[in-house]
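Okay, so here's the structure we're looking at.
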Amino acid sequence: MHNEHTDSHFQKRIDDGEHIEPKDYMPDGYRKHLIRQMSQHAHSEVIGMQPEGNWITRAPSLRAKQILLAKIQDEGGHGLYLYSAAETLGISRAEMIEQLHTGKAKYSNIFNYPALNWADIGAIGWLVDGAAIVNQVSLQRTSFGPYSRAMVRICKEESFHQRQGYEIMARMMKGTKDQQAMAQDAMNRWWWPALMMFGPHDIDSPHSGDAVKWKIKRESNDTLRQKFIDKTVQQAELIGLVMPDKDIKWNESKGHYDHGKIDWDEFHRVIKGNGPCNKQRLDHHINYFNEGAWVRDAAEAYKIKHLKEELVIA
Ligand code: 3HC
């Protein structure tokens, strides 16, 4: 009888395009890789609620406030899907949160920049969620079943996020000169950090080898980044925004836009904790996590009480 609990059998299942489920045999490296990526993905969704949350009370209309509230609630839900999917690999929510709070785990670079005005809310929706969609549509085909299914669910909501951001930018570009200048300034500040969201160049990506071998990643960092650039440049030009990269130029032979060099020193500075808002984001999360301890304690007490009652009845 063929032993199904071997790395070679596992790799054959991956090569055959099968989904790996939580109870299936998987090499430790595969499990660790997914826990790292999925928990950091979940942290990103939840930390990402902060820059936008600061603008709920300052939204320029009731409609804008309703849309922003719906988007932020979606992000919280995305975080919960991803934490739950990561827990199927044997890590607890408490361990993941502890890794976030101690800096052992990362979250996306992009959320360490300040949202300075309403145009930033447009740029975040259009560029950040736009980049996230390109990455997450690809991740729908990831080999780990729960992650793939979470992505399918999340992608359905992301397109609304990107559309509402683009609508804000389009409206401002039809507005006063000051509004146009605000939109252009937001574009200038968010464009390059959005490109960094896709991770380092493939040649500098230590995890991509395994990620591709195990079909966790179906397309590379650079391939997805290029896809995002190609579609976003046209959207910018359509509403009159100027690309903050003088080297952006359509390359007919490649069928893609050429672009300028990304400042990887800034990327590494930010992901090492030295971005404009890293301390603020983490302090905020820690404060509210501690403040909400009573909710977790009450839920735990309720669970234990009901377990005891069930035992008595049984
Ligand atoms: N921000 C922070 N850290 C990053 C990063 C980024 N944008 N890109 C890469 N890194 C880190 C990696 O985590 C890794 O560090 P680690 O070993 O401590 O984890 C290191 O840089 C090397 O990068 P690699 O490319 O080798 O790492 P990966 O193979 O994991 O690729 C990734 C990075 C493309 C971000 C991949 O992890 C991924 O696809 N993750 C899932 C998507 C995700 O996390 N998106 C975050 C945004 S979610 C979001 O925007 C919500 C939206 O609704 C607004």
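Here, A, B, ... name the chains of the structure tokens in the order displayed, residue numbers run from 1 inside each chain, and ligands are numbered from 1 in the same displayed order.
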Residue neighbourhood A:Ile121, 10 Å, only C-alpha atoms, exclusion window fewer than 4 positions, as number ranges by chain: A: 51-55, 59, 68, 115-117, 125-128, 164-166, 168-169, 183, 186
Spatial neighbours of A:Arg141, 8 Å, only C-alpha atoms, chain gap at least 4 places, as a PyMOL selection string: chain A and resi 137+148+218
Keeping C-alpha atoms for every residue in the selection just given, could you write it to a file as a PDB file, in the first residue's frame?
```pdb
ATOM      1  CA  VAL A 137      -7.151  37.007  -7.048  1.00  0.00           C
ATOM      2  CA  SER A 148      -7.995  29.481  -1.166  1.00  0.00           C
ATOM      3  CA  ARG A 218       0.783  31.000  -8.242  1.00  0.00           C
TER       4      ARG A 218
END
```
What are the closest atom pairs, with distances in Å to one decimal, for each residue of chain A lying within 8 Å of ligand 1, using only C-alpha atoms and all ligand atoms, rows by chain and rising residue number, as a tab-separated table?
```
residue	atom	partner	partner_atom_place_in_ligand_line	distance
A:His33	CA	ligand 1	30 (O)	7.9
A:Arg36	CA	ligand 1	19 (O)	6.0
A:Gln37	CA	ligand 1	37 (O)	4.8
A:Met38	CA	ligand 1	41 (C)	6.6
A:Gln40	CA	ligand 1	44 (O)	5.8
A:His41	CA	ligand 1	44 (O)	3.5
A:Ala42	CA	ligand 1	44 (O)	7.2
A:Ser44	CA	ligand 1	48 (S)	5.0
A:Glu45	CA	ligand 1	51 (C)	4.5
A:Gly48	CA	ligand 1	54 (C)	6.1
A:Glu75	CA	ligand 1	53 (O)	5.6
A:His78	CA	ligand 1	53 (O)	7.4
A:Lys104	CA	ligand 1	18 (O)	7.7
A:Ala105	CA	ligand 1	18 (O)	6.5
A:Lys106	CA	ligand 1	3 (N)	5.8
A:Tyr107	CA	ligand 1	2 (C)	5.2
A:Ser108	CA	ligand 1	1 (N)	3.4
A:Asn109	CA	ligand 1	1 (N)	3.8
A:Ile110	CA	ligand 1	7 (N)	6.6
A:Ile124	CA	ligand 1	54 (C)	7.6
A:Gly125	CA	ligand 1	54 (C)	7.3
A:Val128	CA	ligand 1	54 (C)	5.6
A:Asp129	CA	ligand 1	54 (C)	4.6
A:Ala131	CA	ligand 1	50 (O)	7.2
A:Ala132	CA	ligand 1	50 (O)	4.7
A:Ile133	CA	ligand 1	52 (C)	7.7
A:Asn135	CA	ligand 1	39 (O)	6.1
A:Gln136	CA	ligand 1	42 (C)	6.5
A:Leu139	CA	ligand 1	39 (O)	7.1
A:Glu158	CA	ligand 1	53 (O)	6.3
A:His161	CA	ligand 1	53 (O)	7.7
A:Met196	CA	ligand 1	7 (N)	5.4
A:Met197	CA	ligand 1	7 (N)	3.3
A:Phe198	CA	ligand 1	34 (C)	4.7
A:Gly199	CA	ligand 1	8 (N)	3.3
A:Pro200	CA	ligand 1	25 (O)	5.4
A:His201	CA	ligand 1	25 (O)	7.4
A:Asp202	CA	ligand 1	25 (O)	7.0
A:Asp204	CA	ligand 1	26 (O)	7.2
A:Ser205	CA	ligand 1	26 (O)	3.6
A:Pro206	CA	ligand 1	26 (O)	4.1
A:His207	CA	ligand 1	26 (O)	3.7
A:Ser208	CA	ligand 1	29 (O)	4.6
A:Ala211	CA	ligand 1	29 (O)	6.1
A:Lys217	CA	ligand 1	39 (O)	7.0
A:Ser220	CA	ligand 1	34 (C)	8.0
A:Asn221	CA	ligand 1	34 (C)	5.7
A:Phe267	CA	ligand 1	1 (N)	7.8
A:Ile271	CA	ligand 1	2 (C)	5.3
```
Selected residues written out, C-alpha atoms, as a PDB file, in the first residue's frame:
```pdb
ATOM      1  CA  HIS A  33       5.308  28.877   5.566  1.00  0.00           C
ATOM      2  CA  ARG A  36       3.742  32.878   8.597  1.00  0.00           C
ATOM      3  CA  GLN A  37       2.032  34.204   5.468  1.00  0.00           C
ATOM      4  CA  MET A  38      -1.608  33.754   6.541  1.00  0.00           C
ATOM      5  CA  GLN A  40       0.654  38.238   8.561  1.00  0.00           C
ATOM      6  CA  HIS A  41      -2.088  38.580   5.978  1.00  0.00           C
ATOM      7  CA  ALA A  42      -4.675  38.571   8.781  1.00  0.00           C
ATOM      8  CA  SER A  44      -2.564  43.352   7.717  1.00  0.00           C
ATOM      9  CA  GLU A  45      -6.337  43.279   7.316  1.00  0.00           C
ATOM     10  CA  GLY A  48      -5.336  48.276   7.913  1.00  0.00           C
ATOM     11  CA  GLU A  75     -11.628  44.332   6.505  1.00  0.00           C
ATOM     12  CA  HIS A  78     -11.295  39.399   6.261  1.00  0.00           C
ATOM     13  CA  LYS A 104       7.879  38.698  15.644  1.00  0.00           C
ATOM     14  CA  ALA A 105       5.193  38.887  12.946  1.00  0.00           C
ATOM     15  CA  LYS A 106       4.892  41.551  10.272  1.00  0.00           C
ATOM     16  CA  TYR A 107       1.935  43.187   8.619  1.00  0.00           C
ATOM     17  CA  SER A 108       1.863  44.944   5.254  1.00  0.00           C
ATOM     18  CA  ASN A 109       4.251  47.884   4.890  1.00  0.00           C
ATOM     19  CA  ILE A 110       1.468  50.026   3.473  1.00  0.00           C
ATOM     20  CA  ILE A 124      -6.038  53.745  -0.154  1.00  0.00           C
ATOM     21  CA  GLY A 125      -9.186  52.198  -1.653  1.00  0.00           C
ATOM     22  CA  VAL A 128      -3.986  49.643  -1.702  1.00  0.00           C
ATOM     23  CA  ASP A 129      -7.112  47.576  -2.246  1.00  0.00           C
ATOM     24  CA  ALA A 131      -2.938  46.039  -5.256  1.00  0.00           C
ATOM     25  CA  ALA A 132      -4.473  43.656  -2.731  1.00  0.00           C
ATOM     26  CA  ILE A 133      -7.000  42.482  -5.344  1.00  0.00           C
ATOM     27  CA  ASN A 135      -2.444  39.638  -5.168  1.00  0.00           C
ATOM     28  CA  GLN A 136      -5.552  37.993  -3.726  1.00  0.00           C
ATOM     29  CA  LEU A 139      -4.052  33.617  -4.174  1.00  0.00           C
ATOM     30  CA  GLU A 158     -12.333  43.775  -2.484  1.00  0.00           C
ATOM     31  CA  HIS A 161     -13.285  48.552  -1.954  1.00  0.00           C
ATOM     32  CA  MET A 196       6.191  47.625  -2.327  1.00  0.00           C
ATOM     33  CA  MET A 197       3.093  45.701  -1.107  1.00  0.00           C
ATOM     34  CA  PHE A 198       3.924  42.949  -3.627  1.00  0.00           C
ATOM     35  CA  GLY A 199       7.168  42.205  -1.808  1.00  0.00           C
ATOM     36  CA  PRO A 200      10.811  42.385  -2.904  1.00  0.00           C
ATOM     37  CA  HIS A 201      11.889  41.583  -6.451  1.00  0.00           C
ATOM     38  CA  ASP A 202      11.695  37.848  -7.148  1.00  0.00           C
ATOM     39  CA  ASP A 204      15.520  39.051  -3.570  1.00  0.00           C
ATOM     40  CA  SER A 205      12.534  37.056  -2.241  1.00  0.00           C
ATOM     41  CA  PRO A 206      13.737  34.331   0.165  1.00  0.00           C
ATOM     42  CA  HIS A 207      10.330  32.634   0.396  1.00  0.00           C
ATOM     43  CA  SER A 208       9.305  32.606  -3.259  1.00  0.00           C
ATOM     44  CA  ALA A 211       6.040  29.324  -2.298  1.00  0.00           C
ATOM     45  CA  LYS A 217       2.126  31.503  -4.733  1.00  0.00           C
ATOM     46  CA  SER A 220       5.576  35.860  -8.594  1.00  0.00           C
ATOM     47  CA  ASN A 221       5.929  39.176  -6.738  1.00  0.00           C
ATOM     48  CA  PHE A 267      10.712  49.248   2.216  1.00  0.00           C
ATOM     49  CA  ILE A 271       9.028  46.686   7.606  1.00  0.00           C
TER      50      ILE A 271
END
```
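We find atom CA of A:Ile203 and atom CA of A:Tyr30 to be spaced 20.8 Å apart.
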Taking only C-alpha atoms into account, name the residue in A:Asn274, A:Trp192, A:Asn251, A:His43 that is nearest to A:Glu98.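 Smallest separation from A:Glu98 among the options: A:His43.
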Write out as a VMD selection string each polymer residue whose atoms come within 12 Å of A:Arg171, counting only C-alpha atoms; drop sequence neighbours fewer than 3 positions from it. chain A and resid 118 to 119 122 164 to 168 174 to 176 179 to 180 182 to 183 239 to 241
I need the residues of stretch 174-250 of chain A that end up classed as alpha helix (DSSP H) by DSSP on the backbone, written out as an NGL selection string. :A and (177-196 or 208-213 or 221-238)
Would you save the residues from that selection as a CSV table (one decimal), in the first residue's frame, using N, CA and C atoms?
```
chain,number,residue,atom,x,y,z
A,177,LYS,N,-9.6,73.2,-8.0
A,177,LYS,CA,-8.1,73.1,-8.2
A,177,LYS,C,-7.5,72.5,-6.9
A,178,ASP,N,-8.0,73.0,-5.8
A,178,ASP,CA,-7.5,72.4,-4.5
A,178,ASP,C,-7.8,70.9,-4.3
A,179,GLN,N,-9.0,70.5,-4.7
A,179,GLN,CA,-9.3,69.1,-4.6
A,179,GLN,C,-8.4,68.3,-5.6
A,180,GLN,N,-8.2,68.8,-6.7
A,180,GLN,CA,-7.4,68.1,-7.7
A,180,GLN,C,-5.9,68.0,-7.1
A,181,ALA,N,-5.5,69.1,-6.5
A,181,ALA,CA,-4.1,69.0,-5.9
A,181,ALA,C,-4.0,68.0,-4.8
A,182,MET,N,-5.1,67.9,-4.0
A,182,MET,CA,-5.1,67.0,-2.9
A,182,MET,C,-5.0,65.5,-3.4
A,183,ALA,N,-5.8,65.3,-4.5
A,183,ALA,CA,-5.9,63.9,-5.1
A,183,ALA,C,-4.5,63.6,-5.6
A,184,GLN,N,-3.9,64.5,-6.3
A,184,GLN,CA,-2.6,64.3,-6.9
A,184,GLN,C,-1.5,64.1,-5.8
A,185,ASP,N,-1.6,64.8,-4.7
A,185,ASP,CA,-0.7,64.7,-3.6
A,185,ASP,C,-0.8,63.3,-3.0
A,186,ALA,N,-2.1,62.8,-2.8
A,186,ALA,CA,-2.3,61.5,-2.2
A,186,ALA,C,-1.7,60.4,-3.2
A,187,MET,N,-1.9,60.6,-4.5
A,187,MET,CA,-1.4,59.6,-5.4
A,187,MET,C,0.1,59.6,-5.3
A,188,ASN,N,0.8,60.8,-5.2
A,188,ASN,CA,2.2,60.8,-5.1
A,188,ASN,C,2.7,60.1,-3.9
A,189,ARG,N,2.0,60.3,-2.8
A,189,ARG,CA,2.4,59.6,-1.5
A,189,ARG,C,2.1,58.1,-1.5
A,190,TRP,N,1.1,57.6,-2.1
A,190,TRP,CA,0.7,56.2,-1.9
A,190,TRP,C,1.2,55.3,-3.0
A,191,TRP,N,1.6,55.8,-4.1
A,191,TRP,CA,2.0,55.0,-5.3
A,191,TRP,C,3.1,54.1,-5.0
A,192,TRP,N,4.3,54.6,-4.5
A,192,TRP,CA,5.4,53.8,-4.4
A,192,TRP,C,5.2,52.7,-3.3
A,193,PRO,N,4.7,53.1,-2.1
A,193,PRO,CA,4.5,52.1,-1.0
A,193,PRO,C,3.5,51.0,-1.5
A,194,ALA,N,2.6,51.4,-2.4
A,194,ALA,CA,1.6,50.3,-2.9
A,194,ALA,C,2.4,49.3,-3.8
A,195,LEU,N,3.4,49.8,-4.5
A,195,LEU,CA,4.2,48.8,-5.3
A,195,LEU,C,5.0,47.9,-4.4
A,196,MET,N,5.4,48.4,-3.3
A,196,MET,CA,6.2,47.6,-2.3
A,196,MET,C,5.3,46.5,-1.7
A,208,SER,N,10.0,32.9,-2.0
A,208,SER,CA,9.3,32.6,-3.3
A,208,SER,C,9.6,31.2,-3.8
A,209,GLY,N,10.8,30.7,-3.6
A,209,GLY,CA,11.2,29.4,-4.1
A,209,GLY,C,10.2,28.4,-3.6
A,210,ASP,N,10.1,28.3,-2.3
A,210,ASP,CA,9.2,27.3,-1.7
A,210,ASP,C,7.8,27.6,-2.1
A,211,ALA,N,7.4,28.9,-2.0
A,211,ALA,CA,6.0,29.3,-2.3
A,211,ALA,C,5.6,28.8,-3.7
A,212,VAL,N,6.5,28.9,-4.6
A,212,VAL,CA,6.1,28.5,-6.0
A,212,VAL,C,6.1,26.9,-6.1
A,213,LYS,N,7.1,26.3,-5.4
A,213,LYS,CA,7.2,24.8,-5.5
A,213,LYS,C,5.9,24.2,-4.9
A,221,ASN,N,6.1,37.8,-7.2
A,221,ASN,CA,5.9,39.2,-6.7
A,221,ASN,C,6.0,40.2,-7.9
A,222,ASP,N,7.0,40.0,-8.8
A,222,ASP,CA,7.2,40.9,-9.9
A,222,ASP,C,6.1,40.8,-10.9
A,223,THR,N,5.6,39.6,-11.2
A,223,THR,CA,4.5,39.4,-12.2
A,223,THR,C,3.3,40.2,-11.7
A,224,LEU,N,2.9,40.0,-10.4
A,224,LEU,CA,1.7,40.6,-9.9
A,224,LEU,C,1.9,42.1,-9.8
A,225,ARG,N,3.1,42.6,-9.4
A,225,ARG,CA,3.3,44.0,-9.4
A,225,ARG,C,3.1,44.7,-10.8
A,226,GLN,N,3.7,44.0,-11.8
A,226,GLN,CA,3.6,44.5,-13.2
A,226,GLN,C,2.1,44.5,-13.6
A,227,LYS,N,1.3,43.5,-13.2
A,227,LYS,CA,-0.1,43.5,-13.6
A,227,LYS,C,-0.8,44.7,-13.0
A,228,PHE,N,-0.4,45.0,-11.7
A,228,PHE,CA,-1.1,46.1,-11.0
A,228,PHE,C,-0.7,47.5,-11.7
A,229,ILE,N,0.6,47.6,-12.1
A,229,ILE,CA,1.1,48.8,-12.7
A,229,ILE,C,0.3,49.0,-14.1
A,230,ASP,N,0.3,47.9,-14.8
A,230,ASP,CA,-0.3,48.0,-16.2
A,230,ASP,C,-1.8,48.5,-16.2
A,231,LYS,N,-2.5,48.0,-15.1
A,231,LYS,CA,-3.9,48.4,-15.1
A,231,LYS,C,-4.1,49.8,-14.5
A,232,THR,N,-3.2,50.1,-13.5
A,232,THR,CA,-3.5,51.4,-12.7
A,232,THR,C,-3.0,52.6,-13.5
A,233,VAL,N,-2.0,52.5,-14.3
A,233,VAL,CA,-1.5,53.7,-15.1
A,233,VAL,C,-2.7,54.2,-15.9
A,234,GLN,N,-3.4,53.3,-16.6
A,234,GLN,CA,-4.5,53.7,-17.5
A,234,GLN,C,-5.6,54.3,-16.7
A,235,GLN,N,-5.9,53.8,-15.5
A,235,GLN,CA,-7.0,54.4,-14.6
A,235,GLN,C,-6.6,55.8,-14.2
A,236,ALA,N,-5.3,56.0,-13.9
A,236,ALA,CA,-4.8,57.3,-13.4
A,236,ALA,C,-5.0,58.3,-14.6
A,237,GLU,N,-4.5,57.9,-15.8
A,237,GLU,CA,-4.6,58.8,-16.9
A,237,GLU,C,-6.0,59.2,-17.3
A,238,LEU,N,-6.9,58.2,-17.1
A,238,LEU,CA,-8.3,58.4,-17.4
A,238,LEU,C,-8.9,59.6,-16.6
```
Using only C-alpha atoms: which of A:Gln280, A:Ile35, A:Arg149, A:Gly76 has the shortest distance to A:Arg93: A:Ile35
